[in-house]
Amino acid sequence: HVQLVESGGGLAQAGGSLRFSCVASGRTFTNYLVGWFRQAPGKEREFVAAITWNGDNAYYADSVKGRFTISRDNAKSTGNLQMNSPKPEDTAVYYCALDRLYRRAVLARRTQDYNYWGQGTQVTVSS
C-alpha cells in the first residue's frame, strides 16, 4: 500500500516563500514521475508542476512558471515544491501525486495519469 504524506503548508505572505514536501512509502518512489496539483474552493483540481523520475525534466503550469520550483530526492523518497513570490490566487489545497506509469519520460498533467495521492496540505496566501 502506497502512502504519500505532505507537510509544510500553512500561511504565507504575498511575495514571501513557502516550501512543502511529500514523503512516499510502500513503493519504489524512484521510478515514478511526481506531480503537484492544487484545488481551490469551488474549482477543479489543477496541475501545478511535475518532475520526471530521474529529475532530468520539470514542467510547470503557466500560472506558476518562474515562481515555483519542483525537486525530488530519490534517496529520501521525497518530492518538494518551493513556492516563491506567492500570490493570493495561489491559495488552495496542494496535493502531491505519484504517476501510474513506470519511468514516464514526458509530462503527465492530467489527474488520471496519477494513481496515488497525498491527503493535501492547505496553503493560504495573504495580501
# chains A, B, ... in the order shown; residues from 1 in each chain; ligands from 1

$ select_by_dssp --residues "segment 66-127 of chain A" --states "strand (DSSP E)" --output "ChimeraX atom specification"
/A:68-73,78-84,92-99,114-117,121-126

$ write_last_selection --atoms "N, CA and C atoms" --output "PDB file, in the first residue's frame"
ATOM      1  N   PHE A  68       7.541  28.958  -8.873  1.00  0.00           N
ATOM      2  CA  PHE A  68       7.591  27.697  -8.151  1.00  0.00           C
ATOM      3  C   PHE A  68       8.719  26.845  -8.713  1.00  0.00           C
ATOM      4  N   THR A  69       9.301  26.017  -7.832  1.00  0.00           N
ATOM      5  CA  THR A  69      10.337  25.084  -8.257  1.00  0.00           C
ATOM      6  C   THR A  69      10.044  23.716  -7.663  1.00  0.00           C
ATOM      7  N   ILE A  70       9.995  22.719  -8.525  1.00  0.00           N
ATOM      8  CA  ILE A  70       9.774  21.349  -8.081  1.00  0.00           C
ATOM      9  C   ILE A  70      11.118  20.630  -8.045  1.00  0.00           C
ATOM     10  N   SER A  71      11.269  19.751  -7.064  1.00  0.00           N
ATOM     11  CA  SER A  71      12.503  18.973  -6.963  1.00  0.00           C
ATOM     12  C   SER A  71      12.169  17.630  -6.317  1.00  0.00           C
ATOM     13  N   ARG A  72      13.149  16.755  -6.302  1.00  0.00           N
ATOM     14  CA  ARG A  72      12.942  15.464  -5.659  1.00  0.00           C
ATOM     15  C   ARG A  72      14.270  14.951  -5.126  1.00  0.00           C
ATOM     16  N   ASP A  73      14.162  14.117  -4.095  1.00  0.00           N
ATOM     17  CA  ASP A  73      15.321  13.449  -3.529  1.00  0.00           C
ATOM     18  C   ASP A  73      14.963  11.963  -3.468  1.00  0.00           C
ATOM     19  N   THR A  78      11.342  11.575  -1.428  1.00  0.00           N
ATOM     20  CA  THR A  78      10.694  12.857  -1.119  1.00  0.00           C
ATOM     21  C   THR A  78      10.587  13.734  -2.348  1.00  0.00           C
ATOM     22  N   GLY A  79       9.433  14.347  -2.506  1.00  0.00           N
ATOM     23  CA  GLY A  79       9.233  15.370  -3.521  1.00  0.00           C
ATOM     24  C   GLY A  79       9.011  16.701  -2.832  1.00  0.00           C
ATOM     25  N   ASN A  80       9.466  17.780  -3.461  1.00  0.00           N
ATOM     26  CA  ASN A  80       9.376  19.101  -2.844  1.00  0.00           C
ATOM     27  C   ASN A  80       8.811  20.120  -3.829  1.00  0.00           C
ATOM     28  N   LEU A  81       8.125  21.105  -3.281  1.00  0.00           N
ATOM     29  CA  LEU A  81       7.655  22.226  -4.086  1.00  0.00           C
ATOM     30  C   LEU A  81       7.988  23.510  -3.343  1.00  0.00           C
ATOM     31  N   GLN A  82       8.833  24.314  -3.943  1.00  0.00           N
ATOM     32  CA  GLN A  82       9.215  25.606  -3.387  1.00  0.00           C
ATOM     33  C   GLN A  82       8.351  26.674  -4.040  1.00  0.00           C
ATOM     34  N   MET A  83       7.655  27.416  -3.222  1.00  0.00           N
ATOM     35  CA  MET A  83       6.767  28.461  -3.698  1.00  0.00           C
ATOM     36  C   MET A  83       7.402  29.812  -3.353  1.00  0.00           C
ATOM     37  N   ASN A  84       7.816  30.538  -4.364  1.00  0.00           N
ATOM     38  CA  ASN A  84       8.373  31.882  -4.167  1.00  0.00           C
ATOM     39  C   ASN A  84       7.392  32.916  -4.728  1.00  0.00           C
ATOM     40  N   ALA A  92      -4.936  27.480  -1.982  1.00  0.00           N
ATOM     41  CA  ALA A  92      -5.578  26.225  -2.381  1.00  0.00           C
ATOM     42  C   ALA A  92      -5.082  25.117  -1.465  1.00  0.00           C
ATOM     43  N   VAL A  93      -5.692  23.963  -1.617  1.00  0.00           N
ATOM     44  CA  VAL A  93      -5.129  22.745  -1.029  1.00  0.00           C
ATOM     45  C   VAL A  93      -4.201  22.140  -2.077  1.00  0.00           C
ATOM     46  N   TYR A  94      -2.974  21.849  -1.676  1.00  0.00           N
ATOM     47  CA  TYR A  94      -1.970  21.311  -2.592  1.00  0.00           C
ATOM     48  C   TYR A  94      -1.794  19.816  -2.341  1.00  0.00           C
ATOM     49  N   TYR A  95      -1.759  19.065  -3.437  1.00  0.00           N
ATOM     50  CA  TYR A  95      -1.644  17.624  -3.372  1.00  0.00           C
ATOM     51  C   TYR A  95      -0.420  17.155  -4.151  1.00  0.00           C
ATOM     52  N   CYS A  96       0.298  16.215  -3.596  1.00  0.00           N
ATOM     53  CA  CYS A  96       1.312  15.539  -4.401  1.00  0.00           C
ATOM     54  C   CYS A  96       0.721  14.220  -4.887  1.00  0.00           C
ATOM     55  N   ALA A  97       1.271  13.731  -5.984  1.00  0.00           N
ATOM     56  CA  ALA A  97       0.755  12.518  -6.584  1.00  0.00           C
ATOM     57  C   ALA A  97       1.888  11.761  -7.268  1.00  0.00           C
ATOM     58  N   LEU A  98       1.687  10.449  -7.384  1.00  0.00           N
ATOM     59  CA  LEU A  98       2.683   9.576  -7.993  1.00  0.00           C
ATOM     60  C   LEU A  98       2.109   8.989  -9.279  1.00  0.00           C
ATOM     61  N   ASP A  99       2.890   9.046 -10.335  1.00  0.00           N
ATOM     62  CA  ASP A  99       2.472   8.588 -11.652  1.00  0.00           C
ATOM     63  C   ASP A  99       2.101   7.109 -11.656  1.00  0.00           C
ATOM     64  N   TYR A 114      -2.251   9.848 -12.605  1.00  0.00           N
ATOM     65  CA  TYR A 114      -1.672   9.535 -11.303  1.00  0.00           C
ATOM     66  C   TYR A 114      -2.594   8.603 -10.536  1.00  0.00           C
ATOM     67  N   ASN A 115      -2.015   7.647  -9.868  1.00  0.00           N
ATOM     68  CA  ASN A 115      -2.870   6.701  -9.145  1.00  0.00           C
ATOM     69  C   ASN A 115      -2.657   6.722  -7.631  1.00  0.00           C
ATOM     70  N   TYR A 116      -1.733   7.529  -7.141  1.00  0.00           N
ATOM     71  CA  TYR A 116      -1.571   7.678  -5.706  1.00  0.00           C
ATOM     72  C   TYR A 116      -1.505   9.160  -5.364  1.00  0.00           C
ATOM     73  N   TRP A 117      -2.216   9.527  -4.303  1.00  0.00           N
ATOM     74  CA  TRP A 117      -2.356  10.928  -3.916  1.00  0.00           C
ATOM     75  C   TRP A 117      -2.112  11.101  -2.435  1.00  0.00           C
ATOM     76  N   THR A 121      -2.375  19.532   1.565  1.00  0.00           N
ATOM     77  CA  THR A 121      -1.943  20.486   2.582  1.00  0.00           C
ATOM     78  C   THR A 121      -2.453  21.874   2.193  1.00  0.00           C
ATOM     79  N   GLN A 122      -3.075  22.540   3.136  1.00  0.00           N
ATOM     80  CA  GLN A 122      -3.681  23.842   2.858  1.00  0.00           C
ATOM     81  C   GLN A 122      -2.606  24.927   2.790  1.00  0.00           C
ATOM     82  N   VAL A 123      -2.689  25.732   1.761  1.00  0.00           N
ATOM     83  CA  VAL A 123      -1.819  26.898   1.626  1.00  0.00           C
ATOM     84  C   VAL A 123      -2.706  28.126   1.477  1.00  0.00           C
ATOM     85  N   THR A 124      -2.495  29.089   2.332  1.00  0.00           N
ATOM     86  CA  THR A 124      -3.254  30.339   2.281  1.00  0.00           C
ATOM     87  C   THR A 124      -2.278  31.494   2.129  1.00  0.00           C
ATOM     88  N   VAL A 125      -2.467  32.286   1.099  1.00  0.00           N
ATOM     89  CA  VAL A 125      -1.581  33.423   0.838  1.00  0.00           C
ATOM     90  C   VAL A 125      -2.354  34.704   1.101  1.00  0.00           C
ATOM     91  N   SER A 126      -1.830  35.489   2.010  1.00  0.00           N
ATOM     92  CA  SER A 126      -2.486  36.758   2.347  1.00  0.00           C
ATOM     93  C   SER A 126      -1.795  37.904   1.614  1.00  0.00           C
TER      94      SER A 126
END

$ atom_distance --atom1 "atom CA of Ala24 of chain A" --atom2 "atom CA of Ala61 of chain A"
23.3 Å

$ residues_around --residues "Trp53 of chain A" --least-positions-apart "3" --cutoff "9 Å" --atoms "only C-alpha atoms" --output "VMD selection string"
chain A and resid 29 to 34 56 to 57 72 74 102 to 105

$ write_last_selection --atoms "N, CA and C atoms" --output "mmCIF file, in the first residue's frame"
data_model
loop_
_atom_site.group_PDB
_atom_site.id
_atom_site.type_symbol
_atom_site.label_atom_id
_atom_site.label_comp_id
_atom_site.auth_asym_id
_atom_site.auth_seq_id
_atom_site.Cartn_x
_atom_site.Cartn_y
_atom_site.Cartn_z
ATOM 1 N N PHE A 29 9.740 4.715 -4.986
ATOM 2 C CA PHE A 29 9.457 6.096 -5.387
ATOM 3 C C PHE A 29 10.278 6.495 -6.597
ATOM 4 N N THR A 30 11.471 5.936 -6.667
ATOM 5 C CA THR A 30 12.477 6.405 -7.609
ATOM 6 C C THR A 30 12.021 6.379 -9.055
ATOM 7 N N ASN A 31 11.235 5.382 -9.433
ATOM 8 C CA ASN A 31 10.959 5.157 -10.851
ATOM 9 C C ASN A 31 9.691 5.821 -11.364
ATOM 10 N N TYR A 32 9.144 6.752 -10.598
ATOM 11 C CA TYR A 32 7.870 7.344 -10.989
ATOM 12 C C TYR A 32 7.911 8.859 -10.945
ATOM 13 N N LEU A 33 7.284 9.436 -11.940
ATOM 14 C CA LEU A 33 7.142 10.883 -12.006
ATOM 15 C C LEU A 33 6.308 11.362 -10.815
ATOM 16 N N VAL A 34 6.684 12.512 -10.261
ATOM 17 C CA VAL A 34 5.950 13.115 -9.151
ATOM 18 C C VAL A 34 5.266 14.378 -9.652
ATOM 19 N N ASP A 56 15.405 14.802 -14.400
ATOM 20 C CA ASP A 56 16.005 15.492 -15.537
ATOM 21 C C ASP A 56 15.117 16.581 -16.122
ATOM 22 N N ASN A 57 13.822 16.407 -15.993
ATOM 23 C CA ASN A 57 12.900 17.366 -16.604
ATOM 24 C C ASN A 57 11.812 17.766 -15.629
ATOM 25 N N ARG A 72 13.149 16.755 -6.302
ATOM 26 C CA ARG A 72 12.942 15.464 -5.659
ATOM 27 C C ARG A 72 14.270 14.951 -5.126
ATOM 28 N N ASN A 74 15.413 11.217 -4.454
ATOM 29 C CA ASN A 74 15.025 9.806 -4.534
ATOM 30 C C ASN A 74 15.581 8.993 -3.369
ATOM 31 N N TYR A 102 5.512 3.530 -15.178
ATOM 32 C CA TYR A 102 6.919 3.354 -14.827
ATOM 33 C C TYR A 102 7.800 4.202 -15.728
ATOM 34 N N ARG A 103 8.600 5.074 -15.107
ATOM 35 C CA ARG A 103 9.589 5.872 -15.830
ATOM 36 C C ARG A 103 9.013 6.608 -17.041
ATOM 37 N N ARG A 104 7.895 7.232 -16.870
ATOM 38 C CA ARG A 104 7.336 8.079 -17.925
ATOM 39 C C ARG A 104 8.335 9.192 -18.209
ATOM 40 N N ALA A 105 8.590 9.410 -19.504
ATOM 41 C CA ALA A 105 9.626 10.379 -19.881
ATOM 42 C C ALA A 105 9.062 11.732 -20.272
#

$ atom_distance --atom1 "atom CA of Gly35 of chain A" --atom2 "atom CA of Ser7 of chain A"
15.1 Å

$ closest_atom_pairs --of "segment 20-77 of chain A" --to "segment 2-5 of chain A" --cutoff "7 Å" --atoms "only C-alpha atoms" --output "Markdown table"
| residue | atom | partner | partner_atom | distance |
| --- | --- | --- | --- | --- |
| A:Cys22 | CA | A:Val5 | CA | 5.3 |
| A:Val23 | CA | A:Val5 | CA | 5.3 |
| A:Ala24 | CA | A:Leu4 | CA | 4.6 |
| A:Ser25 | CA | A:Gln3 | CA | 5.3 |
| A:Gly26 | CA | A:Val2 | CA | 4.4 |
| A:Arg27 | CA | A:Val2 | CA | 5.8 |

$ atom_distance --atom1 "atom CA of Asn54 of chain A" --atom2 "atom CA of Ser17 of chain A"
25.7 Å

$ closest_residue --among "A:Ser77, A:Thr91, A:Ser21, A:Ser63" --to "Ser127 of chain A" --atoms "only C-alpha atoms"
A:Thr91

$ select_by_dssp --residues "chain A" --states "helix (DSSP H, G or I)" --output "NGL selection string"
:A and (74-76 or 88-90 or 111-113)

$ write_last_selection --atoms "C-alpha atoms" --output "PDB file, in the first residue's frame"
ATOM      1  CA  ASN A  74      15.025   9.806  -4.534  1.00  0.00           C
ATOM      2  CA  ALA A  75      17.295   8.653  -1.730  1.00  0.00           C
ATOM      3  CA  LYS A  76      14.731  10.027   0.730  1.00  0.00           C
ATOM      4  CA  PRO A  88      -3.402  35.319  -3.089  1.00  0.00           C
ATOM      5  CA  GLU A  89      -4.666  33.363  -6.094  1.00  0.00           C
ATOM      6  CA  ASP A  90      -2.252  30.558  -5.166  1.00  0.00           C
ATOM      7  CA  THR A 111      -5.251  13.805 -12.675  1.00  0.00           C
ATOM      8  CA  GLN A 112      -5.994  10.411 -14.241  1.00  0.00           C
ATOM      9  CA  ASP A 113      -2.308   9.986 -15.031  1.00  0.00           C
TER      10      ASP A 113
END

$ closest_residue --among "A:Glu46, A:Ser85, A:Gln119, A:Leu101" --to "Arg19 of chain A" --atoms "only C-alpha atoms"
A:Ser85
